[in-house]
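Asks: Below is the file my_file.cif, which contains mmCIF, C-alpha atoms.
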```
data_model
#
loop_
_atom_site.group_PDB
_atom_site.id
_atom_site.type_symbol
_atom_site.label_atom_id
_atom_site.label_comp_id
_atom_site.auth_asym_id
_atom_site.auth_seq_id
_atom_site.Cartn_x
_atom_site.Cartn_y
_atom_site.Cartn_z
ATOM 1 C CA MET A 9 20.425 -16.112 11.728
ATOM 2 C CA THR A 10 20.616 -15.947 7.908
ATOM 3 C CA ASP A 11 17.555 -15.536 5.717
ATOM 4 C CA GLU A 12 17.863 -19.182 4.667
ATOM 5 C CA GLN A 13 17.935 -20.354 8.282
ATOM 6 C CA LEU A 14 15.035 -18.067 9.113
ATOM 7 C CA ILE A 15 12.996 -19.365 6.183
ATOM 8 C CA HIS A 16 13.816 -22.977 7.020
ATOM 9 C CA GLY A 17 12.824 -22.439 10.652
ATOM 10 C CA CYS A 18 9.532 -20.822 9.671
ATOM 11 C CA VAL A 19 8.696 -23.563 7.167
ATOM 12 C CA GLU A 20 9.414 -26.145 9.891
ATOM 13 C CA GLY A 21 6.960 -24.324 12.194
ATOM 14 C CA ASN A 22 9.602 -23.044 14.608
ATOM 15 C CA ALA A 23 7.852 -20.382 16.718
ATOM 16 C CA VAL A 24 11.132 -18.605 17.527
ATOM 17 C CA ALA A 25 11.968 -18.247 13.821
ATOM 18 C CA GLN A 26 8.427 -17.074 13.051
ATOM 19 C CA LYS A 27 8.621 -14.433 15.771
ATOM 20 C CA LEU A 28 12.027 -13.305 14.544
ATOM 21 C CA LEU A 29 10.720 -12.990 10.977
ATOM 22 C CA TYR A 30 7.736 -10.983 12.220
ATOM 23 C CA ASP A 31 9.873 -8.771 14.466
ATOM 24 C CA THR A 32 12.327 -8.139 11.632
ATOM 25 C CA TYR A 33 9.809 -7.126 8.972
ATOM 26 C CA SER A 34 6.498 -6.168 10.622
ATOM 27 C CA ARG A 35 7.360 -2.533 11.239
ATOM 28 C CA LYS A 36 8.270 -1.860 7.601
ATOM 29 C CA MET A 37 5.280 -3.838 6.368
ATOM 30 C CA MET A 38 2.971 -1.904 8.690
ATOM 31 C CA GLY A 39 4.099 1.219 6.846
ATOM 32 C CA VAL A 40 3.030 -0.432 3.587
ATOM 33 C CA CYS A 41 -0.329 -1.438 5.089
ATOM 34 C CA LEU A 42 -0.989 2.064 6.423
ATOM 35 C CA ARG A 43 -0.664 3.473 2.911
ATOM 36 C CA TYR A 44 -3.420 1.171 1.640
ATOM 37 C CA ALA A 45 -5.723 1.269 4.670
ATOM 38 C CA SER A 46 -8.126 3.990 5.681
ATOM 39 C CA ASP A 47 -7.203 3.656 9.367
ATOM 40 C CA TYR A 48 -4.796 1.944 11.752
ATOM 41 C CA GLU A 49 -7.138 -0.937 12.599
ATOM 42 C CA GLU A 50 -7.622 -1.835 8.942
ATOM 43 C CA ALA A 51 -3.844 -1.688 8.460
ATOM 44 C CA GLN A 52 -3.369 -4.084 11.392
ATOM 45 C CA ASP A 53 -5.834 -6.518 9.809
ATOM 46 C CA ILE A 54 -3.989 -6.343 6.474
ATOM 47 C CA LEU A 55 -0.652 -6.864 8.237
ATOM 48 C CA GLN A 56 -1.953 -9.891 10.116
ATOM 49 C CA ASP A 57 -3.480 -11.433 6.989
ATOM 50 C CA GLY A 58 -0.299 -10.661 5.078
ATOM 51 C CA PHE A 59 1.933 -12.449 7.558
ATOM 52 C CA VAL A 60 -0.400 -15.445 7.629
ATOM 53 C CA LYS A 61 0.102 -15.665 3.842
ATOM 54 C CA VAL A 62 3.855 -15.161 4.241
ATOM 55 C CA TYR A 63 4.069 -18.086 6.669
ATOM 56 C CA GLN A 64 1.858 -20.257 4.442
ATOM 57 C CA LYS A 65 3.803 -19.527 1.248
ATOM 58 C CA LEU A 66 7.332 -19.105 2.584
ATOM 59 C CA GLY A 67 8.268 -22.557 1.319
ATOM 60 C CA SER A 68 7.704 -21.306 -2.241
ATOM 61 C CA PHE A 69 10.189 -18.413 -1.887
ATOM 62 C CA GLN A 70 12.748 -19.033 -4.640
ATOM 63 C CA HIS A 71 15.530 -16.692 -3.429
ATOM 64 C CA LYS A 72 15.142 -14.542 -6.547
ATOM 65 C CA GLY A 73 15.474 -11.099 -5.021
ATOM 66 C CA SER A 74 15.399 -10.208 -1.379
ATOM 67 C CA LEU A 75 13.243 -11.833 1.263
ATOM 68 C CA GLU A 76 12.050 -8.372 2.276
ATOM 69 C CA GLY A 77 10.937 -7.658 -1.290
ATOM 70 C CA TRP A 78 9.047 -10.954 -1.444
ATOM 71 C CA ILE A 79 7.334 -10.235 1.881
ATOM 72 C CA ARG A 80 6.492 -6.710 0.692
ATOM 73 C CA ARG A 81 4.919 -8.065 -2.511
ATOM 74 C CA THR A 82 2.860 -10.523 -0.444
ATOM 75 C CA VAL A 83 1.667 -7.733 1.878
ATOM 76 C CA VAL A 84 0.798 -5.435 -1.060
ATOM 77 C CA ASN A 85 -1.160 -8.270 -2.687
ATOM 78 C CA THR A 86 -2.964 -8.828 0.621
ATOM 79 C CA ALA A 87 -3.860 -5.121 0.721
ATOM 80 C CA LEU A 88 -5.189 -5.401 -2.846
ATOM 81 C CA ASP A 89 -7.215 -8.476 -1.879
ATOM 82 C CA ASN A 90 -8.665 -6.455 0.997
ATOM 83 C CA PHE A 91 -9.508 -3.614 -1.382
ATOM 84 C CA ARG A 92 -11.228 -5.926 -3.886
ATOM 85 C CA ARG A 93 -13.112 -7.754 -1.111
ATOM 86 C CA ASN A 94 -14.422 -4.491 0.343
ATOM 87 C CA LYS A 95 -14.812 -2.554 -2.909
ATOM 88 C CA GLN A 96 -18.579 -2.874 -3.029
ATOM 89 C CA HIS A 97 -18.869 -1.598 0.558
ATOM 90 C CA ARG A 98 -16.846 1.573 0.056
ATOM 91 C CA HIS A 99 -18.205 4.816 -1.230
ATOM 92 C CA GLN A 100 -16.086 6.654 -3.737
ATOM 93 C CA VAL A 101 -15.918 10.395 -3.413
ATOM 94 C CA GLU A 102 -16.474 11.893 -6.832
ATOM 95 C CA LEU A 103 -14.616 15.098 -7.340
ATOM 96 C CA GLY A 104 -16.411 15.826 -10.598
ATOM 97 C CA ALA A 105 -14.402 17.717 -13.128
ATOM 98 C CA VAL A 106 -10.898 18.280 -11.777
ATOM 99 C CA ASP A 107 -9.654 20.289 -14.729
ATOM 100 C CA TYR A 108 -9.886 23.530 -12.762
ATOM 101 C CA LEU A 109 -7.274 22.325 -10.284
ATOM 102 C CA LEU A 110 -3.650 23.273 -10.708
ATOM 103 C CA GLU A 111 -1.131 20.795 -12.042
ATOM 104 C CA ALA A 112 0.477 18.794 -9.249
ATOM 105 C CA ASP A 113 3.589 20.292 -7.718
ATOM 106 C CA ASP A 114 5.750 17.235 -7.102
ATOM 107 C CA ASN A 115 8.221 19.334 -5.088
ATOM 108 C CA VAL A 116 5.555 19.981 -2.459
ATOM 109 C CA LEU A 117 5.044 16.251 -1.937
ATOM 110 C CA SER A 118 8.765 15.599 -1.565
ATOM 111 C CA SER A 119 9.150 18.341 1.063
ATOM 112 C CA LEU A 120 6.595 16.837 3.452
ATOM 113 C CA ALA A 121 7.631 14.547 6.252
ATOM 114 C CA ALA A 122 6.708 10.910 5.596
ATOM 115 C CA LYS A 123 4.349 10.886 8.591
ATOM 116 C CA ASP A 124 2.471 13.943 7.299
ATOM 117 C CA LEU A 125 2.226 12.531 3.795
ATOM 118 C CA LEU A 126 0.883 9.236 5.167
ATOM 119 C CA LYS A 127 -1.891 11.112 7.005
ATOM 120 C CA ILE A 128 -2.832 12.915 3.809
ATOM 121 C CA ILE A 129 -2.751 9.731 1.718
ATOM 122 C CA GLN A 130 -5.035 8.002 4.228
ATOM 123 C CA LYS A 131 -7.641 10.726 3.618
ATOM 124 C CA LEU A 132 -7.922 9.744 -0.040
ATOM 125 C CA PRO A 133 -10.961 7.709 -1.056
ATOM 126 C CA SER A 134 -9.932 4.045 -1.183
ATOM 127 C CA GLY A 135 -9.857 3.782 -4.991
ATOM 128 C CA TYR A 136 -7.711 6.878 -5.389
ATOM 129 C CA ARG A 137 -5.439 5.798 -2.531
ATOM 130 C CA THR A 138 -4.903 2.328 -3.962
ATOM 131 C CA VAL A 139 -4.070 3.540 -7.468
ATOM 132 C CA PHE A 140 -1.841 6.306 -6.095
ATOM 133 C CA ASN A 141 0.124 3.836 -3.960
ATOM 134 C CA LEU A 142 0.493 1.294 -6.737
ATOM 135 C CA PHE A 143 1.601 3.830 -9.346
ATOM 136 C CA ALA A 144 3.530 6.493 -7.430
ATOM 137 C CA ILE A 145 5.038 4.401 -4.658
ATOM 138 C CA GLU A 146 5.135 0.761 -5.769
ATOM 139 C CA GLY A 147 5.989 1.587 -9.401
ATOM 140 C CA TYR A 148 3.273 -0.433 -11.134
ATOM 141 C CA SER A 149 2.204 0.630 -14.632
ATOM 142 C CA HIS A 150 -1.402 1.668 -15.247
ATOM 143 C CA LYS A 151 -1.891 -1.539 -17.235
ATOM 144 C CA GLU A 152 -0.676 -3.644 -14.287
ATOM 145 C CA ILE A 153 -2.907 -1.674 -11.914
ATOM 146 C CA ALA A 154 -5.882 -2.168 -14.214
ATOM 147 C CA ASP A 155 -5.257 -5.929 -14.276
ATOM 148 C CA GLN A 156 -4.816 -6.133 -10.493
ATOM 149 C CA LEU A 157 -7.901 -4.082 -9.638
ATOM 150 C CA GLU A 158 -10.069 -5.323 -12.517
ATOM 151 C CA ILE A 159 -10.583 -1.822 -13.916
ATOM 152 C CA SER A 160 -9.694 -0.237 -17.243
ATOM 153 C CA GLU A 161 -6.307 1.340 -17.848
ATOM 154 C CA ASN A 162 -8.008 4.704 -18.417
ATOM 155 C CA THR A 163 -9.791 4.393 -15.083
ATOM 156 C CA SER A 164 -6.420 3.813 -13.414
ATOM 157 C CA LYS A 165 -4.991 6.921 -15.080
ATOM 158 C CA SER A 166 -8.061 8.937 -14.133
ATOM 159 C CA GLN A 167 -7.972 7.725 -10.512
ATOM 160 C CA PHE A 168 -4.284 8.676 -10.274
ATOM 161 C CA ARG A 169 -4.927 12.127 -11.737
ATOM 162 C CA LYS A 170 -7.830 12.655 -9.346
ATOM 163 C CA ALA A 171 -5.735 11.414 -6.416
ATOM 164 C CA LYS A 172 -3.063 14.002 -7.193
ATOM 165 C CA ALA A 173 -5.717 16.720 -7.435
ATOM 166 C CA TYR A 174 -7.317 15.547 -4.191
ATOM 167 C CA LEU A 175 -3.931 15.593 -2.448
ATOM 168 C CA GLN A 176 -3.411 19.158 -3.603
ATOM 169 C CA ARG A 177 -6.655 20.155 -1.952
ATOM 170 C CA PHE A 178 -5.384 18.790 1.378
ATOM 171 C CA LEU A 179 -1.851 20.147 1.229
ATOM 172 C CA PRO A 180 -2.668 23.776 2.115
ATOM 173 C CA LYS A 181 -4.948 22.644 4.979
ATOM 174 C CA GLU A 182 -2.358 20.265 6.420
ATOM 175 C CA LYS A 183 0.448 22.818 6.180
ATOM 176 C CA ALA A 184 -1.679 25.410 8.013
ATOM 177 C CA ILE A 185 -2.129 23.006 10.930
ATOM 178 C CA ARG A 186 1.619 22.785 11.534
#
```
With the file now loaded, output its structure as structure tokens.
Replies:
Amino acid sequence: MTDEQLIHGCVEGNAVAQKLLYDTYSRKMMGVCLRYASDYEEAQDILQDGFVKVYQKLGSFQHKGSLEGWIRRTVVNTALDNFRRNKQHRHQVELGAVDYLLEADDNVLSSLAAKDLLKIIQKLPSGYRTVFNLFAIEGYSHKEIADQLEISENTSKSQFRKAKAYLQRFLPKEKAIR
């Protein structure tokens, strides 16, 4: 089944097409959700909400770029909606002055297995985790992050810097567990 046939079937309410779309993309999108969520259950909720939005808005897909990319953007936006909705209920961990920490060693991050890095990222406070994902993984600029999260650009930069410092604090502990 082509993407166009799949989209058409989903828009028409065809349950087989909807299941095929979900089966094709849910695993990858769960990986996206896990990066934004603090635990598996929250990631499942984001994934479910994301696919509800995908099914609702699939008729507006304009075939500019890949279907997977469009679904990914929808799921990321759903994760951001979840973050904004729950922002007042989450407690941020303040690291205080992080100047004493070493500069981030990007080579250490690239040498970790994806599963290990995901576990470490999930330990970040939600604000740090969200900014880190948007900047380092999704490729958003700090200005775009600031607009999405309704924070200042400097706050985005600070959250990213603190996220990197926080990750460094976990790296030695996680490596020792291996």
Asks: Taking 4 positions as the minimum chain separation for residues in the same chain, which residues sit within 10 Å of Gln167 in chain A when counting only C-alpha atoms? Answer as a PyMOL selection string.
Replies: chain A and resi 133+135-140+161-163+171-173
Asks: Quick one: pull the distance between CA of Gln26 in chain A and CA of Leu55 in chain A, Å, one decimal.
Replies: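 Value for the CA of Gln26 in chain A-CA of Leu55 in chain A distance: 14.5 Å.
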Asks: Identify the residues around (-7.7, -11.5, 4.7) within a radius of 10 Å, measuring from only C-alpha atoms in the coordinates stated by the file, and give them as a count of residues only.
Replies: 13
Asks: Report the distance between CA of Ala45 in chain A and CA of Ser134 in chain A in Å, rounded to one decimal place.
Replies: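 We find that CA of Ala45 in chain A and CA of Ser134 in chain A lie 7.7 Å from each other.
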Asks: Could you tell me how far CA of Ala51 in chain A lies from CA of Ser74 in chain A, in Å and to one decimal?
Replies: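 For CA of Ala51 in chain A relative to CA of Ser74 in chain A, the distance reads 23.2 Å.
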Asks: Kindly indicate which residue among A:Trp78, A:Leu132, A:Asp124, A:Phe168 lies nearest to Tyr148 in chain A, using only C-alpha atoms for the distances.
Replies: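 Smallest distance to Tyr148 in chain A is found for A:Phe168.
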Asks: Skipping near chain neighbours, those fewer than 6 positions away, what residues fall within 12 Å of Glu146 in chain A using only C-alpha atoms, listed as a PyMOL selection string?
Replies: chain A and resi 40+43-44+77+80-81+83-85+138-140+152-153
Asks: With distances taken over only C-alpha atoms, which residue among A:Gly21, A:Leu88, A:Lys131, A:Asn94 lies nearest Ala154 in chain A?
Replies: A:Leu88
Asks: So which residues touch Glu20 in chain A within 12 Å, counting all atoms listed in the file, skipping near sequence neighbours fewer than 5 positions away, as a short mmCIF file (atom, residue, chain, number, x, y, z; two decimals) with C-alpha atoms, in the frame of the given file?
Replies:
```
data_model
loop_
_atom_site.label_atom_id
_atom_site.label_comp_id
_atom_site.auth_asym_id
_atom_site.auth_seq_id
_atom_site.Cartn_x
_atom_site.Cartn_y
_atom_site.Cartn_z
CA GLN A 13 17.93 -20.35 8.28
CA LEU A 14 15.04 -18.07 9.11
CA ILE A 15 13.00 -19.36 6.18
CA ALA A 25 11.97 -18.25 13.82
CA GLN A 26 8.43 -17.07 13.05
CA TYR A 63 4.07 -18.09 6.67
CA GLN A 64 1.86 -20.26 4.44
CA LEU A 66 7.33 -19.10 2.58
CA GLY A 67 8.27 -22.56 1.32
#
```
Asks: Run the PyMOL selection byres ((chain A and resi 35) around 12) mentally over the shown coordinates, then write out the matched residues as a PyMOL selection string, using the chain letters and numbers from the document.
Replies: chain A and resi 29-34+36-42+51-52+55-56+59+76+80
